[in-house]
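Asks: First the structure, then my questions, so here it is.
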Amino acid sequence: MITKINQDAMIIRLLPERRAWREILYENLKYNVETLKSLLPKNCRFMAVVKADAYGHGAVPVASYLNRLGIDAFAVATVREGVELRLHGIRGEILVLGYTSPHQVHLLTTYDLIQTAADCVHARALNEAAYYPIKIHIKLDTGMHRLGERSDHIDEIASLFACKNLQICGAYSHLCAADSQTMEDILFTKLQITTFFQTIDHLKSRGLNPGKLHLQSSYGILNYPDLPLDYARIGIAMYGCYSTPEPKLSEQLPLRPVLSLHARIAAVKELCPGETVSYGRNFRAEVPMRIATVTIGYADGLPRSLSNKEIPVLLRGQKTHIIGNICMDQLVIDVTRIPNARPGDIVTLLGTDGPHTLHAEDLAQAAGTITNELLCRLTPREE
């Protein structure tokens, strides 16, 4: 990747000839981290979730910057993601949240990674495969029913402490509806919290030390901030976004988006009344128009489901919109009211240009998904 770095603004910018790219504003990342850390109870550490290439922001540069800010606890989804961080010099604890095959157990010890025990069967398989003790966090299923040993299986969970090759240094669970403000989901979340602490108390009553505890992800901290825990796993909020548009929450806690998305105009042309645009001929000009082809498409992670929805983009400080079907490598925008548009101009799909700002939450909602998925899919191919 060819880049030049503006040290003052801490923006990674691609050279002018790039066709489609992300810009990462590290000042905003720092602001978000400091803002979110202010919500944490005393002695609760910030665990930065950098899985899925840091939600599309670049795991290695993001984690490196966070290391410089003093963050020394990270969470990834796979053992390979953890290895990648270590190979690039990332310091501190790295927790693998997902399943790791016992055949890969050597990677955990070689690169000093902490592995989640997906359940007791998985934990015992890791124990059998390991030549040396491996660090693990026990995942407890408190109601999400994804990974984790059922929290009421106390005897089975307790038996893991006797495994010679398991160094149990933490336990955690996941709140599956912490973002919801319906009474039903609030009650369910509180039940999950109660269940988690009851299970931990049962283990402690047997003289067992479950190690460091964590339960909250971003919305857990935003909506249930005062739990006495050792870590908070912060993902989407650290990147300055909410999973869905949250006007009230955004007003109370104004986070700053870290990522913006840009591409370039490749060509500008005239469109006559009755002529159509792009695959499927779903857009037909009713009057004379000027249109521009833009160098980004669904292979760069922009959902094709955004086609034919007049999705806004920014050009020369003005707002216009996408027309027709989004293609694999390109899309088309209306530039009729931007007469000075020309090839090479920068088009902003997320971020700020002039007085306008486009937010990932709104783009994700238009695509029928959440911000987390949208950001993870954004992988411009020529960065």
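Ordered as shown in the structure tokens, chains take letters A, B, and onward, while each chain numbers its residues from 1 and ligands are numbered from 1 in the order shown.
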I'd like to know which residues of stretch 53-299 of chain A are strand (DSSP E) (by DSSP, run on the backbone); could you write them as number ranges by chain?
Replies: A: 73-76, 93-96, 114-117, 134-141, 149-150, 166-172, 212-214, 231-234, 259-271, 276-277, 283-284, 289-294
Asks: Please provide the set of residues having any atom within 8 Å of A:Asp345, restricted to only C-alpha atoms, with same-chain residues fewer than 3 positions apart removed, written as an MDAnalysis selection string.
Replies: chainID A and resid 264:265 315:316 341:342
Asks: Could you check the closest approach to A:Pro133 for each of A:Gln365, A:Asn165, A:Thr110, A:Asn43 and tell me which residue wins, using only C-alpha atoms?
Replies: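 The closest residue to A:Pro133 is A:Asn165.
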Asks: Which neighbours of stretch 251-259 of chain A fall inside 6 Å, counting only C-alpha atoms, when residues of the same chain fewer than 4 positions from it are skipped, and could you give them as an mmCIF file with N, CA, C and O atoms, in the first residue's frame?
Replies:
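Full text of part.cif as output:
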data_model
loop_
_atom_site.group_PDB
_atom_site.id
_atom_site.type_symbol
_atom_site.label_atom_id
_atom_site.label_comp_id
_atom_site.auth_asym_id
_atom_site.auth_seq_id
_atom_site.Cartn_x
_atom_site.Cartn_y
_atom_site.Cartn_z
ATOM 1 N N GLU A 23 -9.982 6.942 4.466
ATOM 2 C CA GLU A 23 -9.110 7.805 5.256
ATOM 3 C C GLU A 23 -9.424 7.570 6.728
ATOM 4 O O GLU A 23 -10.591 7.458 7.114
ATOM 5 N N ILE A 24 -8.378 7.481 7.543
ATOM 6 C CA ILE A 24 -8.524 7.202 8.971
ATOM 7 C C ILE A 24 -8.037 8.419 9.754
ATOM 8 O O ILE A 24 -6.865 8.801 9.646
ATOM 9 N N LEU A 25 -8.934 9.025 10.518
ATOM 10 C CA LEU A 25 -8.592 10.207 11.305
ATOM 11 C C LEU A 25 -8.291 9.769 12.731
ATOM 12 O O LEU A 25 -9.188 9.517 13.529
ATOM 13 N N ASN A 28 -9.685 11.540 15.880
ATOM 14 C CA ASN A 28 -11.029 11.136 16.295
ATOM 15 C C ASN A 28 -10.993 9.830 17.069
ATOM 16 O O ASN A 28 -11.760 9.645 18.023
ATOM 17 N N LEU A 29 -10.127 8.916 16.675
ATOM 18 C CA LEU A 29 -9.977 7.670 17.430
ATOM 19 C C LEU A 29 -9.532 7.969 18.854
ATOM 20 O O LEU A 29 -10.070 7.411 19.820
ATOM 21 N N ASN A 32 -12.447 9.391 20.827
ATOM 22 C CA ASN A 32 -13.436 8.376 21.193
ATOM 23 C C ASN A 32 -12.944 7.506 22.341
ATOM 24 O O ASN A 32 -13.705 7.179 23.259
ATOM 25 N N TYR A 239 -14.865 3.333 17.111
ATOM 26 C CA TYR A 239 -14.687 3.857 15.761
ATOM 27 C C TYR A 239 -15.627 5.022 15.462
ATOM 28 O O TYR A 239 -15.727 5.471 14.321
ATOM 29 N N GLY A 240 -16.307 5.508 16.495
ATOM 30 C CA GLY A 240 -17.113 6.713 16.370
ATOM 31 C C GLY A 240 -18.472 6.500 15.757
ATOM 32 O O GLY A 240 -19.067 7.442 15.233
ATOM 33 N N CYS A 241 -18.967 5.276 15.833
ATOM 34 C CA CYS A 241 -20.250 4.942 15.214
ATOM 35 C C CYS A 241 -21.140 4.208 16.206
ATOM 36 O O CYS A 241 -20.672 3.620 17.183
#
Asks: Taking the chain letters and numbering used in this document, name the residues of stretch 128-315 of chain A that DSSP puts in alpha helix (DSSP H), as a PyMOL selection string.
Replies: chain A and resi 128-129+154-159+183-205+218-223+247-252
Asks: When you draw a straight line from atom CA of A:Ile333 to atom CA of A:Gln318, how long is it in Å?
Replies: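 Distance reported for this atom pair: 12.5 Å.
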Asks: Please compute the atom CA of A:His153-atom CA of A:Asp112 distance, one decimal, in Å.
Replies: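 So the two atoms, atom CA of A:His153 and atom CA of A:Asp112, lie 28.9 Å apart.
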Asks: Between atom CA of A:Ala162 and atom CA of A:Gln216, what distance in Å does the model show, to one decimal?
Replies: 28.0 Å
Asks: As a ChimeraX atom specification, please: the residues near A:Gly148 (cut-off 9 Å, only C-alpha atoms, same-chain neighbours under 4 positions excluded).
Replies: /A:116-120,138-142,144,172-173
Asks: Using only C-alpha atoms, which of A:Pro273, A:Pro312, A:Gly220, A:Gly344 sits nearest A:Thr293?
Replies: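 Closest residue, counting only C-alpha atoms: A:Gly344.
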